[in-house]
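Structure file input_37.txt (compact mmCIF, C-alpha atoms and all ligand atoms) follows.
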```
# COMPACT_ATOMS: atom_id res chain seq x y z
CA MET L 26 44.80 -18.22 153.33
CA LYS L 27 43.91 -17.07 149.83
CA PHE L 28 40.67 -15.19 149.22
CA PHE L 29 38.85 -15.78 145.94
CA ILE L 30 35.55 -14.16 145.02
CA ASP L 31 32.81 -16.48 143.78
CA THR L 32 31.07 -14.42 141.11
CA ALA L 33 31.09 -13.36 137.49
CA ASN L 34 29.96 -9.85 138.41
CA LEU L 35 32.66 -7.43 137.28
CA ASP L 36 31.68 -4.67 139.75
CA ASN L 37 31.92 -7.10 142.67
CA ILE L 38 35.29 -8.36 141.41
CA LYS L 39 36.59 -4.79 141.07
CA GLU L 40 35.38 -3.91 144.59
CA ALA L 41 37.16 -6.93 146.12
CA GLN L 42 40.30 -6.19 144.10
CA ASP L 43 40.23 -2.55 145.25
CA LEU L 44 40.06 -3.76 148.85
CA GLY L 45 43.51 -5.23 148.25
CA ILE L 46 42.75 -8.69 149.60
CA LEU L 47 41.77 -10.59 146.46
CA ASP L 48 43.80 -13.56 145.24
CA GLY L 49 41.49 -14.86 142.54
CA VAL L 50 38.04 -15.47 141.10
CA THR L 51 35.89 -18.55 140.70
CA THR L 52 33.06 -18.69 138.23
CA ASN L 53 30.77 -21.41 136.97
CA PRO L 54 28.12 -21.65 134.24
CA SER L 55 25.37 -20.69 136.72
CA LEU L 56 27.23 -17.56 137.84
CA MET L 57 27.85 -16.60 134.19
CA ALA L 58 24.16 -17.07 133.36
CA LYS L 59 23.21 -14.95 136.39
CA GLU L 60 25.14 -12.04 134.85
CA GLY L 61 23.43 -12.62 131.48
CA ILE L 62 26.66 -13.81 129.83
CA THR L 63 25.62 -16.28 127.14
CA GLY L 64 27.22 -17.66 124.00
CA ASP L 65 30.81 -18.89 123.68
CA ALA L 66 32.25 -15.59 122.39
CA ASN L 67 30.71 -13.58 125.22
CA VAL L 68 31.84 -16.07 127.85
CA ILE L 69 35.41 -15.93 126.50
CA ALA L 70 35.32 -12.12 126.43
CA HIS L 71 34.07 -12.13 130.02
CA TYR L 72 36.93 -14.36 131.19
CA LYS L 73 39.36 -11.96 129.52
CA ALA L 74 37.70 -9.00 131.27
CA ILE L 75 38.04 -10.76 134.64
CA CYS L 76 41.71 -11.51 133.93
CA ASP L 77 42.25 -7.78 133.26
CA ILE L 78 41.02 -6.94 136.79
CA VAL L 79 42.74 -9.52 138.99
CA ASP L 80 46.36 -10.61 139.48
CA ASP L 81 45.94 -14.39 139.12
CA ASN L 82 43.76 -17.47 139.64
CA VAL L 83 40.72 -17.09 137.40
CA SER L 84 38.82 -20.37 137.39
CA ALA L 85 37.12 -20.97 134.03
CA GLU L 86 34.86 -24.00 133.85
CA VAL L 87 34.67 -26.46 130.97
CA ILE L 88 31.21 -27.43 129.74
CA ALA L 89 32.22 -30.72 128.10
CA THR L 90 31.87 -33.94 130.07
CA ASP L 91 33.87 -36.29 127.80
CA TYR L 92 37.65 -36.56 127.94
CA LYS L 93 38.40 -35.41 124.38
CA ASN L 94 36.30 -32.26 124.60
CA ILE L 95 37.32 -31.43 128.18
CA ILE L 96 40.92 -31.37 126.90
CA LYS L 97 39.96 -29.28 123.86
CA GLU L 98 37.98 -26.74 125.89
CA GLY L 99 40.48 -26.66 128.76
CA GLU L 100 43.44 -26.03 126.48
CA ALA L 101 41.55 -23.22 124.74
CA LEU L 102 40.65 -21.64 128.09
CA ALA L 103 44.22 -21.96 129.40
CA ALA L 104 45.53 -20.30 126.22
CA LEU L 105 43.39 -17.19 126.87
CA ASN L 106 45.58 -15.94 129.70
CA PRO L 107 48.23 -17.42 132.05
CA LYS L 108 45.93 -16.42 134.96
CA ILE L 109 43.35 -19.02 133.93
CA VAL L 110 42.84 -22.15 136.06
CA VAL L 111 40.79 -24.77 134.21
CA LYS L 112 37.81 -25.86 136.27
CA VAL L 113 36.90 -29.49 135.67
CA PRO L 114 33.97 -31.42 137.19
CA MET L 115 34.55 -34.40 139.50
CA ILE L 116 33.67 -37.12 137.01
CA LYS L 117 35.68 -40.02 135.56
CA ASP L 118 36.69 -38.20 132.37
CA GLY L 119 37.36 -35.11 134.47
CA ILE L 120 39.91 -36.97 136.57
CA LYS L 121 41.60 -38.29 133.42
CA ALA L 122 41.68 -34.75 132.02
CA ILE L 123 43.14 -33.35 135.26
CA LYS L 124 45.95 -35.90 134.99
CA TYR L 125 46.57 -34.78 131.41
CA PHE L 126 46.50 -31.06 132.28
CA SER L 127 48.81 -31.66 135.23
CA GLY L 128 51.38 -33.22 132.88
CA LYS L 129 51.12 -30.17 130.61
CA GLY L 130 51.60 -27.67 133.45
CA ILE L 131 48.01 -26.40 133.13
CA ARG L 132 46.51 -25.57 136.52
CA THR L 133 43.18 -27.16 137.42
CA ASN L 134 40.37 -26.74 139.91
CA CYS L 135 38.37 -29.93 140.43
CA THR L 136 34.85 -28.77 141.20
CA LEU L 137 31.71 -30.32 142.69
CA ILE L 138 33.59 -32.17 145.43
CA PHE L 139 31.27 -33.59 148.09
CA SER L 140 33.36 -36.37 149.67
CA ALA L 141 36.89 -36.91 150.93
CA GLY L 142 37.29 -39.81 148.49
CA GLN L 143 36.60 -37.50 145.56
CA ALA L 144 39.19 -35.03 146.87
CA LEU L 145 41.75 -37.82 147.27
CA LEU L 146 41.24 -38.94 143.68
CA ALA L 147 41.59 -35.39 142.36
CA ALA L 148 44.80 -34.91 144.36
CA LYS L 149 46.16 -38.20 142.98
CA ALA L 150 45.44 -36.92 139.46
CA GLY L 151 47.42 -33.75 140.20
CA ALA L 152 44.69 -31.14 140.65
CA THR L 153 45.99 -27.72 141.70
CA TYR L 154 42.80 -27.08 143.68
CA VAL L 155 39.87 -29.16 144.91
CA SER L 156 36.60 -27.37 145.56
CA PRO L 157 34.49 -28.94 148.30
CA PHE L 158 31.02 -27.31 148.35
CA LEU L 159 30.29 -26.58 152.02
CA GLY L 160 26.99 -24.75 151.77
CA ARG L 161 25.37 -27.34 149.55
CA LEU L 162 26.29 -30.07 152.06
CA ASP L 163 24.87 -27.95 154.89
CA ASP L 164 21.70 -27.57 152.79
CA ILE L 165 21.14 -31.34 152.98
CA SER L 166 21.87 -31.48 156.73
CA THR L 167 25.43 -32.76 156.30
CA ASP L 168 28.27 -30.87 158.00
CA GLY L 169 30.30 -29.30 155.20
CA LEU L 170 33.07 -28.24 157.58
CA THR L 171 33.76 -31.86 158.55
CA LEU L 172 34.59 -32.47 154.90
CA ILE L 173 37.22 -29.70 154.97
CA GLU L 174 38.69 -31.23 158.13
CA ASP L 175 38.85 -34.71 156.55
CA ILE L 176 40.45 -33.49 153.33
CA ARG L 177 43.03 -31.44 155.31
CA LEU L 178 43.97 -34.57 157.31
CA ILE L 179 44.31 -36.74 154.20
CA PHE L 180 46.33 -34.20 152.21
CA ASP L 181 48.64 -33.62 155.20
CA ASN L 182 49.06 -37.37 155.79
CA TYR L 183 50.57 -37.76 152.34
CA GLY L 184 51.91 -34.31 151.61
CA TYR L 185 49.66 -33.73 148.59
CA PRO L 186 50.35 -30.24 147.22
CA THR L 187 46.73 -29.93 146.02
CA GLN L 188 45.14 -26.90 147.68
CA ILE L 189 41.79 -27.05 149.44
CA LEU L 190 39.53 -24.37 147.95
CA ALA L 191 36.51 -24.17 150.22
CA ALA L 192 33.53 -23.26 148.01
CA SER L 193 29.78 -22.73 148.35
CA ILE L 194 30.53 -20.44 151.28
CA ARG L 195 27.40 -18.79 152.63
CA GLY L 196 28.68 -16.32 155.23
CA PRO L 197 31.53 -14.94 157.34
CA LEU L 198 31.37 -17.73 159.91
CA HIS L 199 32.09 -20.27 157.18
CA ILE L 200 35.19 -18.27 156.21
CA VAL L 201 36.52 -18.13 159.77
CA ALA L 202 35.80 -21.83 160.32
CA CYS L 203 37.65 -22.71 157.10
CA ALA L 204 40.64 -20.64 158.26
CA LYS L 205 40.67 -22.50 161.59
CA LEU L 206 40.57 -25.85 159.78
CA GLY L 207 43.46 -24.93 157.50
CA ALA L 208 41.71 -24.55 154.14
CA ASP L 209 44.23 -23.08 151.69
CA VAL L 210 41.65 -20.92 149.93
CA ILE L 211 38.07 -19.77 150.39
CA THR L 212 35.86 -18.59 147.59
CA ALA L 213 32.86 -16.55 148.65
CA PRO L 214 30.42 -13.92 147.43
CA LEU L 215 31.42 -10.29 148.10
CA ALA L 216 28.81 -9.95 150.88
CA ALA L 217 30.36 -12.83 152.87
CA ILE L 218 33.83 -11.30 152.53
CA THR L 219 32.80 -7.75 153.50
CA ALA L 220 30.75 -9.12 156.43
CA LEU L 221 34.15 -9.94 158.00
CA LEU L 222 34.64 -6.18 158.45
CA LYS L 223 31.66 -5.80 160.72
CA HIS L 224 31.43 -5.71 164.51
CA PRO L 225 29.00 -3.50 166.46
CA LEU L 226 31.68 -2.71 169.06
CA THR L 227 33.95 -1.43 166.27
CA ASP L 228 31.15 0.88 165.07
CA SER L 229 30.24 2.17 168.55
CA GLY L 230 33.90 2.43 169.58
CA LEU L 231 34.75 4.48 166.51
CA ALA L 232 31.72 6.74 167.03
CA THR L 233 32.90 7.43 170.61
CA PHE L 234 36.49 8.13 169.51
CA LEU L 235 35.31 10.59 166.87
CA ALA L 236 32.88 12.30 169.27
CA ASP L 237 35.58 12.64 171.96
CA HIS L 238 38.01 14.03 169.40
CA ALA L 239 35.45 16.59 168.23
CA LYS L 240 34.70 17.62 171.85
CA ALA L 241 38.40 17.95 172.74
CA SER L 242 39.00 20.00 169.59
CA GLY L 243 36.13 22.32 170.47
CA LYS L 244 34.20 21.38 167.31
O1 LIG B 301 31.79 -21.94 142.73
C1 LIG B 301 30.47 -22.23 143.00
C2 LIG B 301 30.22 -22.76 144.35
O2 LIG B 301 30.85 -21.95 145.28
C3 LIG B 301 28.76 -22.97 144.58
O3 LIG B 301 28.17 -22.06 145.42
O4 LIG B 301 26.31 -20.94 146.58
O5 LIG B 301 25.90 -22.09 144.38
O6 LIG B 301 26.32 -23.42 146.43
P1 LIG B 301 26.60 -22.13 145.72
```

Structure re-expressed in structure tokens:
Amino acid sequence: MKFFIDTANLDNIKEAQDLGILDGVTTNPSLMAKEGITGDANVIAHYKAICDIVDDNVSAEVIATDYKNIIKEGEALAALNPKIVVKVPMIKDGIKAIKYFSGKGIRTNCTLIFSAGQALLAAKAGATYVSPFLGRLDDISTDGLTLIEDIRLIFDNYGYPTQILAASIRGPLHIVACAKLGADVITAPLAAITALLKHPLTDSGLATFLADHAKASGK
């Protein structure tokens, strides 16, 4: 399973990259705004900075919602760096644009997926990734994990190469559940990823090992 980090924070991206487990980054306009990155030139510079840190898979989201401008923006983003994956919203013109990008060999991430039908349509159009938003479904008392399960079944039924990128992850249990369900990728904040490290028995076990070693060494 690939691990992406869901942030535009360069320090967080560097920390995950340094851990040696990072396969990519997802951003969106809200995450960019959270870091105070505003204005087209600054956003572009920020995407370039992210590409300098990671090995591949930097999702850069288009702002346009009409076909012509999605294509224009997406092609400009893809031209920035071969690591860029153009993130396109799940709307009618977005699906048309994904089909176009697919024909041009430009990788896409279809975002804001909340139903299996939407994922099916994006896969038909040739999306590289679909991003179902688990946490936001959970927020409205709908089981986000069931959506991952349904999309996995559908993609496997027909052999769609589109990868399931589980997004809107809120914690380590979401990550483990997605791995059990066969999601191809998770994207999560740094805190959810590093929470996977933690177990109280690891901490107490290590403390005992170190204490016993010190005693045996006469320290
Ligand atoms: O890529 C953004 C997606 O993961 C949304 O996350 O936490 O805003 O629901 P969140």

Pull the closest atom pair for each residue of chain L that gets at most 7 Å from ligand LIG 301 (chain B), along with the distance in Å to one decimal, counting all atoms listed in the file, ordering rows by chain and then ascending residue number, as a tab-separated table.
```
residue	atom	partner	partner_atom	distance
L:Asp31	CA	B:LIG301	O1	5.7
L:Thr51	CA	B:LIG301	O1	5.7
L:Thr52	CA	B:LIG301	O1	5.7
L:Asn53	CA	B:LIG301	O1	5.9
L:Phe158	CA	B:LIG301	C2	6.1
L:Gly160	CA	B:LIG301	O6	5.5
L:Arg161	CA	B:LIG301	O6	5.1
L:Ala192	CA	B:LIG301	O2	4.0
L:Ser193	CA	B:LIG301	O2	3.3
L:Ile194	CA	B:LIG301	O2	6.2
L:Arg195	CA	B:LIG301	O4	6.5
L:Thr212	CA	B:LIG301	O2	6.5
L:Ala213	CA	B:LIG301	O2	6.7
```

So which residues touch region 172-188 of chain L within 9 Å, counting all atoms listed in the file, skipping near sequence neighbours fewer than 2 positions away, as a CSV table (one decimal) with C-alpha atoms, keeping the file's coordinate frame?
```
chain,number,residue,atom,x,y,z
L,139,PHE,CA,31.3,-33.6,148.1
L,140,SER,CA,33.4,-36.4,149.7
L,141,ALA,CA,36.9,-36.9,150.9
L,142,GLY,CA,37.3,-39.8,148.5
L,144,ALA,CA,39.2,-35.0,146.9
L,145,LEU,CA,41.8,-37.8,147.3
L,147,ALA,CA,41.6,-35.4,142.4
L,148,ALA,CA,44.8,-34.9,144.4
L,149,LYS,CA,46.2,-38.2,143.0
L,151,GLY,CA,47.4,-33.8,140.2
L,152,ALA,CA,44.7,-31.1,140.6
L,153,THR,CA,46.0,-27.7,141.7
L,154,TYR,CA,42.8,-27.1,143.7
L,155,VAL,CA,39.9,-29.2,144.9
L,156,SER,CA,36.6,-27.4,145.6
L,157,PRO,CA,34.5,-28.9,148.3
L,159,LEU,CA,30.3,-26.6,152.0
L,168,ASP,CA,28.3,-30.9,158.0
L,169,GLY,CA,30.3,-29.3,155.2
L,170,LEU,CA,33.1,-28.2,157.6
L,190,LEU,CA,39.5,-24.4,148.0
L,191,ALA,CA,36.5,-24.2,150.2
L,203,CYS,CA,37.6,-22.7,157.1
L,206,LEU,CA,40.6,-25.8,159.8
L,207,GLY,CA,43.5,-24.9,157.5
L,208,ALA,CA,41.7,-24.6,154.1
L,209,ASP,CA,44.2,-23.1,151.7
L,210,VAL,CA,41.6,-20.9,149.9
```

* Using CA of Asn82 (chain L) and CA of Asp164 (chain L) as the two end points, give the distance in Å to one decimal. =>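 Taking CA of Asn82 (chain L) as the start and CA of Asp164 (chain L) as the end point, the length is 27.6 Å.
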
* Give me, please, the distance in Å between CA of Ala41 (chain L) and CA of Leu105 (chain L), quoted to one decimal. =>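 Distance reported for this atom pair: 22.7 Å.
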
* Structure fact -> Judged by only C-alpha atoms, the minimum distance to Gln42 (chain L) among L:Ile218, L:Val113, L:His238, L:Leu137 is found for L:Ile218

* Would you please work out which residue, of L:Leu221, L:Val50, L:Ile131, L:Leu146, is nearest to Ile200 (chain L) when using all atoms listed in the file? =>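 Between L:Leu221, L:Val50, L:Ile131, L:Leu146, the residue approaching Ile200 (chain L) most closely is L:Leu221.
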